[in-house]
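Asks: I am sharing work-v2.cif, which consists of mmCIF, C-alpha atoms and all ligand atoms:
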data_protein
#
loop_
_atom_site.label_atom_id
_atom_site.label_comp_id
_atom_site.auth_asym_id
_atom_site.auth_seq_id
_atom_site.Cartn_x
_atom_site.Cartn_y
_atom_site.Cartn_z
CA MET A 1 20.03 -5.65 -38.36
CA THR A 2 22.43 -3.53 -36.37
CA LYS A 3 21.22 -0.01 -35.71
CA ILE A 4 23.47 2.97 -35.04
CA LEU A 5 22.59 6.18 -33.27
CA LEU A 6 24.48 8.95 -34.99
CA GLY A 7 24.83 12.69 -34.45
CA ALA A 8 25.13 13.09 -30.67
CA SER A 9 27.38 16.00 -29.68
CA GLN A 10 28.63 13.86 -26.79
CA VAL A 11 28.20 10.27 -25.65
CA VAL A 12 28.60 10.04 -21.87
CA THR A 13 29.58 6.39 -21.56
CA CYS A 14 30.38 5.99 -17.84
CA ALA A 15 32.38 3.02 -19.17
CA GLY A 16 34.57 1.26 -16.64
CA PRO A 17 34.33 -1.38 -13.95
CA ALA A 18 30.91 -3.09 -13.83
CA ARG A 19 30.39 -2.51 -10.13
CA LEU A 20 29.72 0.25 -7.60
CA ARG A 21 32.04 3.23 -8.29
CA ARG A 22 33.52 4.48 -5.06
CA GLY A 23 35.29 7.65 -3.94
CA GLU A 24 37.32 9.31 -6.69
CA GLU A 25 36.07 6.82 -9.29
CA MET A 26 32.74 8.64 -9.19
CA ALA A 27 34.12 11.68 -11.04
CA ASP A 28 35.16 9.69 -14.14
CA LEU A 29 32.58 9.78 -16.97
CA ASP A 30 34.56 8.79 -20.08
CA ILE A 31 32.91 11.11 -22.64
CA ILE A 32 33.19 10.61 -26.40
CA PRO A 33 32.70 13.85 -28.38
CA HIS A 34 30.68 13.28 -31.60
CA GLY A 35 30.25 9.66 -30.68
CA ALA A 36 27.96 6.96 -32.04
CA VAL A 37 26.44 3.84 -30.52
CA ALA A 38 25.78 0.56 -32.33
CA ILE A 39 22.93 -1.63 -31.10
CA ALA A 40 22.66 -5.29 -32.07
CA ASP A 41 19.40 -7.18 -32.69
CA ASP A 42 19.52 -8.68 -29.20
CA GLY A 43 19.11 -5.20 -27.69
CA LEU A 44 22.69 -5.04 -26.44
CA ILE A 45 25.29 -2.41 -27.28
CA SER A 46 27.78 -3.78 -29.80
CA ALA A 47 30.03 -0.74 -30.17
CA VAL A 48 30.51 2.81 -28.97
CA GLY A 49 33.14 5.21 -30.25
CA PRO A 50 33.85 8.18 -32.52
CA ALA A 51 31.11 8.47 -35.15
CA GLU A 52 33.38 7.88 -38.20
CA GLN A 53 34.80 4.75 -36.61
CA VAL A 54 31.42 3.22 -35.75
CA GLN A 55 30.03 4.12 -39.17
CA GLN A 56 33.00 2.47 -40.84
CA ASP A 57 32.74 -0.69 -38.75
CA PHE A 58 28.97 -0.99 -39.33
CA ALA A 59 28.64 0.27 -42.90
CA ASP A 60 25.39 -1.68 -43.50
CA ALA A 61 23.70 -0.62 -40.30
CA GLU A 62 20.41 1.22 -40.16
CA VAL A 63 21.14 4.80 -39.06
CA THR A 64 19.01 6.75 -36.59
CA GLU A 65 19.89 10.44 -36.43
CA VAL A 66 19.96 11.92 -32.95
CA ARG A 67 20.57 15.48 -31.73
CA GLY A 68 21.82 16.12 -28.21
CA VAL A 69 23.80 14.27 -25.57
CA LEU A 70 23.43 10.52 -25.03
CA PHE A 71 23.57 9.15 -21.49
CA PRO A 72 23.18 5.64 -20.12
CA GLY A 73 19.49 5.25 -19.22
CA PHE A 74 18.92 6.48 -15.68
CA VAL A 75 18.37 3.95 -12.89
CA ASP A 76 16.02 5.01 -10.09
CA CYS A 77 17.03 2.62 -7.31
CA HIS A 78 14.55 3.65 -4.59
CA THR A 79 10.84 4.30 -5.16
CA HIS A 80 7.48 3.58 -3.55
CA ALA A 81 5.67 3.97 -6.87
CA VAL A 82 2.69 1.67 -6.10
CA PHE A 83 0.30 3.86 -4.16
CA GLY A 84 -3.28 5.05 -4.39
CA ALA A 85 -4.25 8.69 -4.11
CA ALA A 86 -1.94 11.68 -3.81
CA ARG A 87 -1.83 13.19 -0.30
CA LEU A 88 -2.85 16.74 -1.17
CA ALA A 89 -4.43 17.53 2.19
CA ASP A 90 -1.20 16.56 4.00
CA HIS A 91 0.72 18.90 1.72
CA GLU A 92 -1.51 21.81 2.68
CA ARG A 93 -1.47 20.87 6.38
CA ARG A 94 2.33 20.87 6.31
CA ALA A 95 2.30 24.30 4.70
CA ARG A 96 0.17 25.49 7.61
CA GLY A 97 2.84 24.32 10.03
CA ILE A 98 0.91 21.30 11.29
CA SER A 99 3.29 18.60 12.62
CA TYR A 100 3.57 15.08 11.24
CA MET A 101 2.11 13.67 14.45
CA GLU A 102 -0.92 15.95 14.19
CA ILE A 103 -1.31 15.13 10.51
CA ALA A 104 -1.29 11.42 11.37
CA ALA A 105 -3.83 12.01 14.16
CA ALA A 106 -6.07 13.82 11.66
CA GLY A 107 -6.12 10.72 9.44
CA GLY A 108 -3.25 11.69 7.13
CA GLY A 109 0.30 10.43 6.85
CA ILE A 110 1.45 6.99 5.76
CA LEU A 111 -1.56 5.24 7.30
CA SER A 112 -3.90 7.07 4.96
CA SER A 113 -1.93 5.54 2.07
CA VAL A 114 -2.16 2.14 3.79
CA ASN A 115 -5.94 2.38 4.21
CA ASP A 116 -6.21 3.51 0.59
CA VAL A 117 -4.09 0.66 -0.84
CA ARG A 118 -5.92 -1.96 1.26
CA GLU A 119 -9.16 -0.94 -0.51
CA ARG A 120 -7.80 -1.23 -4.05
CA SER A 121 -7.72 -4.14 -6.49
CA VAL A 122 -4.60 -5.36 -8.30
CA GLU A 123 -6.06 -3.99 -11.54
CA ASP A 124 -6.53 -0.57 -10.01
CA LEU A 125 -3.02 -0.51 -8.52
CA THR A 126 -1.56 -1.71 -11.83
CA ALA A 127 -3.27 1.05 -13.80
CA LEU A 128 -2.00 3.70 -11.36
CA LEU A 129 1.52 2.25 -11.40
CA ARG A 130 1.57 2.17 -15.19
CA LYS A 131 0.61 5.83 -15.38
CA ARG A 132 3.35 6.77 -12.92
CA LEU A 133 6.02 4.69 -14.65
CA ALA A 134 5.25 6.66 -17.81
CA TRP A 135 6.24 9.83 -15.92
CA LEU A 136 9.52 8.18 -14.94
CA VAL A 137 10.36 7.16 -18.52
CA ALA A 138 9.53 10.66 -19.71
CA ASN A 139 12.23 11.85 -17.30
CA GLY A 140 14.79 9.44 -18.73
CA THR A 141 14.52 6.55 -16.26
CA THR A 142 14.96 3.13 -17.88
CA THR A 143 15.12 0.93 -14.76
CA VAL A 144 13.19 1.52 -11.56
CA GLU A 145 13.12 -0.27 -8.24
CA VAL A 146 9.61 -0.35 -6.77
CA LYS A 147 8.78 -1.30 -3.18
CA SER A 148 5.62 -2.62 -1.58
CA GLY A 149 4.94 -1.37 1.94
CA TYR A 150 1.55 0.36 1.83
CA GLY A 151 -0.35 -2.86 2.47
CA LEU A 152 1.07 -3.94 5.83
CA GLU A 153 -1.07 -7.06 5.70
CA LYS A 154 -0.43 -10.16 3.66
CA THR A 155 -3.00 -9.85 0.89
CA ALA A 156 -2.49 -6.12 0.37
CA GLU A 157 1.31 -6.47 0.30
CA LEU A 158 0.94 -9.26 -2.25
CA ARG A 159 -1.43 -7.13 -4.35
CA GLN A 160 1.17 -4.37 -4.53
CA LEU A 161 3.81 -6.87 -5.67
CA GLU A 162 1.35 -8.40 -8.16
CA ALA A 163 0.86 -4.92 -9.66
CA ILE A 164 4.64 -4.61 -10.05
CA GLU A 165 4.72 -8.07 -11.64
CA ALA A 166 1.91 -7.06 -14.02
CA VAL A 167 3.95 -4.19 -15.50
CA ALA A 168 7.16 -6.22 -15.75
CA GLY A 169 6.39 -7.17 -19.36
CA ASP A 170 5.83 -3.56 -20.45
CA PRO A 171 8.41 -2.09 -22.83
CA ALA A 172 9.66 0.40 -20.29
CA PRO A 173 10.97 1.03 -17.77
CA ALA A 174 12.35 -2.24 -16.39
CA VAL A 175 11.00 -2.76 -12.87
CA ILE A 176 12.82 -4.39 -9.95
CA PRO A 177 10.50 -5.46 -7.12
CA THR A 178 11.29 -5.07 -3.42
CA PHE A 179 9.20 -6.45 -0.55
CA LEU A 180 8.88 -3.82 2.20
CA GLY A 181 6.32 -5.41 4.51
CA ALA A 182 8.27 -3.92 7.44
CA HIS A 183 7.73 -0.32 6.28
CA GLU A 184 5.75 0.70 9.36
CA VAL A 185 3.93 -0.96 12.25
CA PRO A 186 0.28 -1.26 11.18
CA PRO A 187 -2.22 0.37 13.57
CA GLU A 188 -3.69 -2.99 14.64
CA TYR A 189 -0.24 -4.06 15.97
CA ARG A 190 0.83 -0.78 17.57
CA ALA A 191 1.04 -2.41 20.99
CA SER A 192 2.93 -5.47 19.77
CA PRO A 193 5.19 -4.75 16.79
CA ASP A 194 6.99 -8.08 17.26
CA GLU A 195 3.74 -9.89 16.61
CA TYR A 196 3.48 -8.08 13.28
CA LEU A 197 7.07 -9.03 12.44
CA GLU A 198 6.19 -12.70 13.07
CA ILE A 199 3.57 -12.35 10.32
CA VAL A 200 6.07 -10.65 8.02
CA ILE A 201 8.61 -13.43 8.62
CA ASP A 202 6.39 -16.50 8.89
CA GLU A 203 3.59 -15.66 6.43
CA MET A 204 4.45 -12.86 4.05
CA LEU A 205 8.09 -13.64 3.22
CA PRO A 206 7.49 -17.31 2.34
CA ALA A 207 4.56 -16.35 0.08
CA VAL A 208 6.55 -13.60 -1.63
CA ALA A 209 9.56 -15.88 -2.14
CA GLN A 210 7.53 -18.88 -3.31
CA ARG A 211 5.81 -16.81 -5.98
CA GLY A 212 9.02 -15.05 -6.98
CA LEU A 213 7.37 -11.67 -6.43
CA ALA A 214 10.42 -9.80 -5.11
CA ARG A 215 14.14 -9.73 -5.56
CA PHE A 216 14.98 -7.54 -2.57
CA CYS A 217 13.66 -7.20 0.96
CA ASP A 218 13.82 -3.82 2.69
CA VAL A 219 13.04 -2.70 6.26
CA PHE A 220 12.43 0.76 7.73
CA CYS A 221 15.09 0.77 10.45
CA GLU A 222 14.53 3.86 12.56
CA PRO A 223 13.81 4.62 16.21
CA GLY A 224 10.03 4.41 16.71
CA VAL A 225 9.60 2.05 13.76
CA PHE A 226 11.90 -1.01 13.68
CA THR A 227 15.13 -1.39 15.68
CA PRO A 228 18.36 -2.79 14.20
CA THR A 229 17.66 -6.07 16.05
CA GLN A 230 14.17 -6.36 14.54
CA SER A 231 15.47 -5.32 11.11
CA ARG A 232 18.16 -8.00 11.28
CA ARG A 233 15.56 -10.69 12.02
CA VAL A 234 13.54 -9.75 8.95
CA LEU A 235 16.51 -9.42 6.63
CA GLU A 236 18.16 -12.67 7.74
CA ALA A 237 14.86 -14.47 7.18
CA ALA A 238 14.64 -12.82 3.75
CA GLN A 239 18.15 -14.02 2.91
CA SER A 240 17.20 -17.56 3.88
CA HIS A 241 14.41 -17.28 1.26
CA GLY A 242 16.85 -16.03 -1.39
CA LEU A 243 15.91 -12.34 -1.23
CA GLN A 244 18.71 -9.77 -1.03
CA PRO A 245 18.70 -7.16 1.73
CA LYS A 246 18.30 -3.38 1.47
CA LEU A 247 17.70 -1.02 4.35
CA HIS A 248 16.04 2.35 5.06
CA ALA A 249 18.69 3.50 7.53
CA ASP A 250 19.68 6.46 9.67
CA GLU A 251 17.18 8.93 8.19
CA LEU A 252 16.36 10.67 11.44
CA GLU A 253 18.89 9.23 13.87
CA GLY A 254 22.19 7.39 13.45
CA SER A 255 21.08 4.18 15.12
CA GLY A 256 23.35 1.56 13.57
CA GLY A 257 21.38 1.07 10.35
CA ALA A 258 24.31 1.63 7.98
CA GLU A 259 26.49 -0.76 10.00
CA LEU A 260 23.78 -3.44 9.88
CA ALA A 261 23.38 -3.02 6.11
CA VAL A 262 27.12 -3.55 5.58
CA GLU A 263 27.26 -6.49 7.96
CA LEU A 264 24.47 -8.26 6.05
CA GLY A 265 26.08 -7.46 2.69
CA ALA A 266 23.08 -5.35 1.66
CA ALA A 267 23.01 -3.95 -1.87
CA SER A 268 22.26 -0.54 -0.40
CA ALA A 269 21.74 1.52 2.73
CA ASP A 270 19.25 4.28 1.95
CA HIS A 271 18.53 7.82 3.29
CA LEU A 272 21.49 8.22 5.72
CA ALA A 273 20.73 11.87 6.54
CA ALA A 274 21.71 11.21 10.16
CA ILE A 275 24.41 8.57 9.63
CA SER A 276 26.95 8.40 12.47
CA ASP A 277 30.71 8.80 11.93
CA GLU A 278 31.13 5.10 12.67
CA GLY A 279 28.39 4.21 10.17
CA MET A 280 30.06 6.39 7.55
CA ASN A 281 33.42 4.74 8.15
CA VAL A 282 31.98 1.23 7.83
CA LEU A 283 29.96 2.10 4.71
CA ALA A 284 32.92 3.82 3.03
CA HIS A 285 34.91 0.59 3.24
CA SER A 286 32.18 -1.61 1.79
CA GLU A 287 30.51 -2.49 -1.51
CA THR A 288 27.12 -1.43 -0.13
CA ALA A 289 25.77 1.57 -2.07
CA ALA A 290 24.89 4.70 -0.10
CA VAL A 291 21.55 5.65 -1.68
CA LEU A 292 20.77 9.30 -0.98
CA LEU A 293 17.35 10.88 -1.47
CA PRO A 294 17.81 14.65 -1.56
CA GLY A 295 14.31 15.30 -2.95
CA THR A 296 12.76 13.97 0.25
CA MET A 297 14.70 16.30 2.52
CA MET A 298 14.01 19.23 0.21
CA TYR A 299 10.29 18.45 -0.02
CA LEU A 300 9.83 18.13 3.75
CA GLY A 301 11.79 21.34 4.24
CA GLY A 302 14.19 22.43 6.92
CA ARG A 303 15.96 19.13 7.51
CA GLY A 304 19.63 18.29 7.06
CA GLN A 305 20.77 16.51 3.92
CA ALA A 306 22.91 13.36 3.97
CA PRO A 307 26.69 13.99 4.12
CA ALA A 308 27.35 13.01 0.49
CA ARG A 309 30.63 14.88 0.20
CA LYS A 310 32.03 13.26 3.33
CA LEU A 311 30.84 9.84 2.21
CA ILE A 312 32.47 10.12 -1.22
CA ASP A 313 35.68 11.60 0.20
CA ALA A 314 35.82 8.70 2.65
CA GLY A 315 35.58 6.23 -0.26
CA ALA A 316 31.88 5.35 -0.37
CA GLY A 317 29.86 4.78 -3.55
CA VAL A 318 26.84 7.11 -3.67
CA ALA A 319 23.68 6.66 -5.73
CA LEU A 320 20.88 9.23 -5.99
CA ALA A 321 17.21 8.22 -6.21
CA THR A 322 13.82 9.96 -6.16
CA ASP A 323 12.20 8.08 -3.24
CA PHE A 324 9.05 8.66 -5.34
CA ASN A 325 6.13 8.36 -2.89
CA PRO A 326 2.91 10.24 -2.10
CA GLY A 327 3.98 11.64 1.28
CA SER A 328 7.54 12.91 1.34
CA SER A 329 8.70 12.89 -2.29
CA PRO A 330 6.11 13.00 -5.07
CA GLY A 331 8.79 13.48 -7.73
CA THR A 332 9.93 11.41 -10.69
CA SER A 333 12.94 13.28 -12.09
CA LEU A 334 16.46 11.91 -11.61
CA PRO A 335 17.95 14.93 -13.45
CA PHE A 336 16.41 17.07 -10.71
CA MET A 337 18.00 14.80 -8.08
CA ALA A 338 21.31 15.46 -9.85
CA THR A 339 20.69 19.21 -9.52
CA LEU A 340 20.01 18.74 -5.81
CA GLY A 341 23.12 16.54 -5.59
CA VAL A 342 25.24 19.49 -6.70
CA SER A 343 23.36 22.28 -4.92
CA GLN A 344 22.40 20.53 -1.68
CA LEU A 345 24.88 17.69 -1.25
CA GLY A 346 28.12 19.26 -2.50
CA MET A 347 28.58 16.64 -5.22
CA LEU A 348 30.45 17.36 -8.45
CA PRO A 349 28.31 17.37 -11.63
CA ALA A 350 30.16 14.26 -12.87
CA GLU A 351 29.53 12.44 -9.59
CA THR A 352 25.79 13.04 -9.90
CA ILE A 353 25.78 11.38 -13.35
CA VAL A 354 27.50 8.26 -12.01
CA ALA A 355 25.06 8.35 -9.08
CA ILE A 356 21.99 8.03 -11.36
CA THR A 357 23.53 5.50 -13.78
CA VAL A 358 26.30 3.06 -12.76
CA ASN A 359 25.76 3.38 -9.02
CA GLY A 360 21.97 3.26 -9.32
CA ALA A 361 22.42 0.01 -11.23
CA ALA A 362 24.80 -1.32 -8.56
CA ALA A 363 22.24 -0.52 -5.85
CA VAL A 364 19.78 -2.89 -7.56
CA GLY A 365 22.34 -5.59 -8.35
CA GLU A 366 22.47 -4.74 -12.09
CA ALA A 367 25.90 -3.11 -12.48
CA THR A 368 26.96 -5.81 -14.94
CA THR A 369 23.98 -5.31 -17.28
CA ARG A 370 23.20 -1.57 -17.34
CA GLY A 371 24.31 1.88 -16.20
CA GLN A 372 27.02 2.35 -18.82
CA ILE A 373 27.24 2.69 -22.60
CA ALA A 374 29.72 -0.07 -23.32
CA ASP A 375 29.96 -3.29 -25.36
CA GLY A 376 27.67 -6.01 -24.08
CA PHE A 377 25.53 -3.74 -21.88
CA ARG A 378 21.79 -3.39 -22.44
CA ALA A 379 21.07 -0.58 -24.88
CA ASP A 380 19.24 1.51 -22.28
CA LEU A 381 19.87 5.05 -23.46
CA THR A 382 18.56 8.51 -22.66
CA LEU A 383 19.00 11.42 -25.07
CA LEU A 384 18.85 14.95 -23.69
CA ALA A 385 18.24 17.90 -26.02
CA VAL A 386 21.33 19.74 -24.77
CA GLU A 387 24.81 20.25 -26.19
CA ASP A 388 26.95 19.68 -23.11
CA TRP A 389 26.53 16.92 -20.51
CA ARG A 390 26.96 19.43 -17.67
CA GLU A 391 23.57 20.86 -18.60
CA LEU A 392 21.92 17.79 -17.04
CA PRO A 393 22.38 18.92 -13.42
CA TYR A 394 22.55 22.62 -14.40
CA TRP A 395 19.03 23.37 -15.66
CA TYR A 396 16.17 22.59 -13.34
CA GLY A 397 12.40 22.66 -13.56
CA ALA A 398 12.48 21.78 -17.27
CA ASN A 399 12.65 18.32 -18.79
CA PHE A 400 15.19 18.03 -21.60
CA VAL A 401 14.76 14.29 -22.16
CA SER A 402 13.92 13.91 -25.85
CA GLU A 403 14.30 10.17 -26.58
CA VAL A 404 14.57 7.02 -24.47
CA TRP A 405 15.52 3.49 -25.57
CA VAL A 406 15.20 0.40 -23.39
CA GLY A 407 16.98 -2.70 -24.67
CA GLY A 408 17.44 -0.84 -27.97
CA VAL A 409 13.68 -0.24 -28.38
CA PRO A 410 12.47 3.38 -28.56
CA CYS A 411 10.18 3.88 -25.54
CA HIS A 412 9.65 7.58 -25.30
CA SER A 413 9.94 10.56 -27.57
CA SER A 414 9.18 14.22 -26.95
CA ARG A 415 9.10 16.95 -29.52
CA ARG A 416 11.80 18.89 -27.76
CA SER A 417 14.87 19.43 -29.91
CA VAL A 418 18.25 20.91 -29.20
CA ASP A 419 17.32 23.86 -31.47
CA SER A 420 14.64 24.94 -29.01
CA LEU A 421 17.33 25.97 -26.53
CA GLY A 422 18.23 29.62 -26.35
ZN ZN B 501 11.84 5.03 0.99
#
Please go through the file and, once you have read it, give me the structure as structure tokens.

Replies:
Amino acid sequence: MTKILLGASQVVTCAGPARLRRGEEMADLDIIPHGAVAIADDGLISAVGPAEQVQQDFADAEVTEVRGVLFPGFVDCHTHAVFGAARLADHERRARGISYMEIAAAGGGILSSVNDVRERSVEDLTALLRKRLAWLVANGTTTVEVKSGYGLEKTAELRQLEAIEAVAGDPAPAVIPTFLGAHEVPPEYRASPDEYLEIVIDEMLPAVAQRGLARFCDVFCEPGVFTPTQSRRVLEAAQSHGLQPKLHADELEGSGGAELAVELGAASADHLAAISDEGMNVLAHSETAAVLLPGTMMYLGGRGQAPARKLIDAGAGVALATDFNPGSSPGTSLPFMATLGVSQLGMLPAETIVAITVNGAAAVGEATTRGQIADGFRADLTLLAVEDWRELPYWYGANFVSEVWVGGVPCHSSRRSVDSLG
């Protein structure tokens, strides 16, 4: 039986082309005041429009009353959500002014997460991931990309991907797995990173592809980690196995990462805080999403944010993601990323909404199935207990998500109501 959601003060549809929105397109939200959404039995949206119209067209439908503003479910297109313990000691060390190099030397940093994950079973990693995905849903996220990359050896990388596979059948959120074996050079290969890459290419990738454990392959392309030449080798091998490329690029130095991502037809180039003018030009004329992670730069403190305004003005399509990870961004809120998008990146409020819906979906190859409230799209919906859509990036530090549906199924509900607002 068709179900209709009735009573929203606004329905922010983001309806339009089912692809990355670029440049000026990012400011177009297509809002229906006092709108309603009809959901068919198959979990897809069958109509959206003014409430009277939808009610008339679906007179027999089961009605669910909602209060607030309905958005397309948020898509978090860049996370490292499978990890072991939080890195609380690193957090305090950083507050004391201790450098990343010293933190790493003291046993902290990414390698502490690697040692931790190597010790854990699939069951353990799955339970931790499940708990963390619940935080994401509670913040309105209905689809999340999750990377491996804390194993850095075949069995541990596979265990991370197996944990992602284990939660794939859960009601929410939908997970999209990415193999990131080339996240860092493991300590045992410090002297010979190419030898490690041989293992990534010859042993890990075939196993990941054969078992269908990942859809994307990502590489950390940065001076001191992997060069553009090394990154290309991994990503071309991944493509030959049917995995689509993504790239951690130009976070600390503009070293050709964005250009490589575009050349390989990557779904996204991520970070980009130090992207070069040439990289920006190439990216702005491509269908590769510029995935920006403002929470990371904020959390680490004192580092420049990515040039979002320049990217959008040049014609690029920007997505915002949490980069959820235990070291540089232990955060799960896309609405907060939208706040940072406005306050730190110079984005318009409307652009931040497109960046966490349509463009997030495009960055994970799902722009034709989700990211907008339109006929035929998955009924992934997030209700905020606010009256005006602009409140999403406006308030921060509070969570106004009151209901979440994934494929038309209610997946999260909080007691917050629009009446609780002052
Ligand atoms: Zn990352």

Asks: Residues contacting ligand ZN 501 (chain B) - anything with an atom at most 12 Å away, using all atoms listed in the file - can you give me those as number ranges by chain?

Replies: A: 76-81, 110, 145-150, 178-180, 182-184, 218-222, 246-251, 268-272, 291-297, 321-330

Asks: Using only C-alpha atoms, which of A:Cys217, A:Met26, A:Met204, A:Val144 sits nearest Cys14 in chain A?

Replies: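 The closest residue to Cys14 in chain A is A:Met26.
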
Asks: Please compute the CA of Gly16 in chain A-CA of Cys411 in chain A distance, one decimal, in Å.

Replies: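 So the answer is 26.1 Å.
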
Asks: For each of A:Val342, A:Ala374, A:Ala289, A:Leu133, take the minimum atom-to-atom distance to Gly23 in chain A, counting only C-alpha atoms, then give the residue where this is smallest.

Replies: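 Smallest distance to Gly23 in chain A is found for A:Ala289.
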
Asks: With distances taken over all atoms listed in the file, which of A:Met101, A:Ala314, A:Ala85, A:Leu300 is nearest to Asn281 in chain A?

Replies: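 Closest candidate: A:Ala314.
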
Asks: Which residue, A:Gly301, A:Pro307, A:Gly140, A:Gly181, has the smallest gap to Leu345 in chain A when you use only C-alpha atoms?

Replies: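 Looking only at the distances to Leu345 in chain A, the closest residue turns out to be A:Pro307.
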
Asks: Which polymer residues have any atom within 10 Å of an atom of Tyr196 in chain A, counting all atoms listed in the file, with same-chain residues fewer than 2 positions away left out, as a PyMOL selection string?

Replies: chain A and resi 152-153+181-182+184-186+188-194+198-202

Asks: Please measure the separation of CA of Leu70 in chain A and CA of Ser46 in chain A, giving the value in Å to one decimal.

Replies: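 Calculated distance between CA of Leu70 in chain A and CA of Ser46 in chain A is 15.7 Å.
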
Asks: Excluding Gly365 in chain A and any residue of its chain fewer than 5 positions from it, enumerate the residues within 12 Å of it, using all atoms listed in the file, and give them as an MDAnalysis selection string.

Replies: chainID A and resid 18:20 75 77 143 145 176:177 215:216 243:246 265:268 287:289 358:360 370:371

Asks: Please compute the CA of Ile32 in chain A-CA of Glu351 in chain A distance, one decimal, in Å.

Replies: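 Separation of CA of Ile32 in chain A and CA of Glu351 in chain A: 17.3 Å.
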
Asks: Smallest atom-to-atom distance to Val406 in chain A: which of A:Asp57, A:Glu236, A:Asp170, A:Glu203, using all atoms listed in the file?

Replies: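 Checking each candidate against Val406 in chain A, we get A:Asp170 as the closest.
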
Asks: Rank A:Pro187, A:Gly256, A:Thr352, A:Gly97 by their smallest atom-to-atom distance to Leu111 in chain A, using all atoms listed in the file, and report the top residue only.

Replies: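 Nearest candidate to Leu111 in chain A out of A:Pro187, A:Gly256, A:Thr352, A:Gly97: A:Pro187.
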
Asks: Work out where the centre of an axis-aligned box around every listed atom of range 72-87 of chain A lies and how long its edges are once 6 Å is added on each side; give both in Å to one decimal as JSON.

Replies:
{"center_x": 9.5, "center_y": 7.4, "center_z": -10.2, "size_x": 39.4, "size_y": 23.5, "size_z": 31.8}

Asks: Which residues are near Leu392 in chain A? Cut-off 10 Å, all atoms listed in the file, ignore same chain within fewer than 6 positions. Put them as a ChimeraX atom specification.

Replies: /A:69,71,334-336,338-339,349-350,352-353,384-386,399-401

Asks: So which residues touch range 34-43 of chain A within 7 Å, counting only C-alpha atoms, skipping near sequence neighbours fewer than 6 positions away, as a PyMOL selection string?

Replies: chain A and resi 1-11+49-51+54+378-379+407-408

Asks: Would you mind listing what lies within 8 Å of Ala316 in chain A as a PyMOL selection string, with only C-alpha atoms counted and same-chain residues fewer than 6 positions away left out?

Replies: chain A and resi 22-23+283-286+289-290
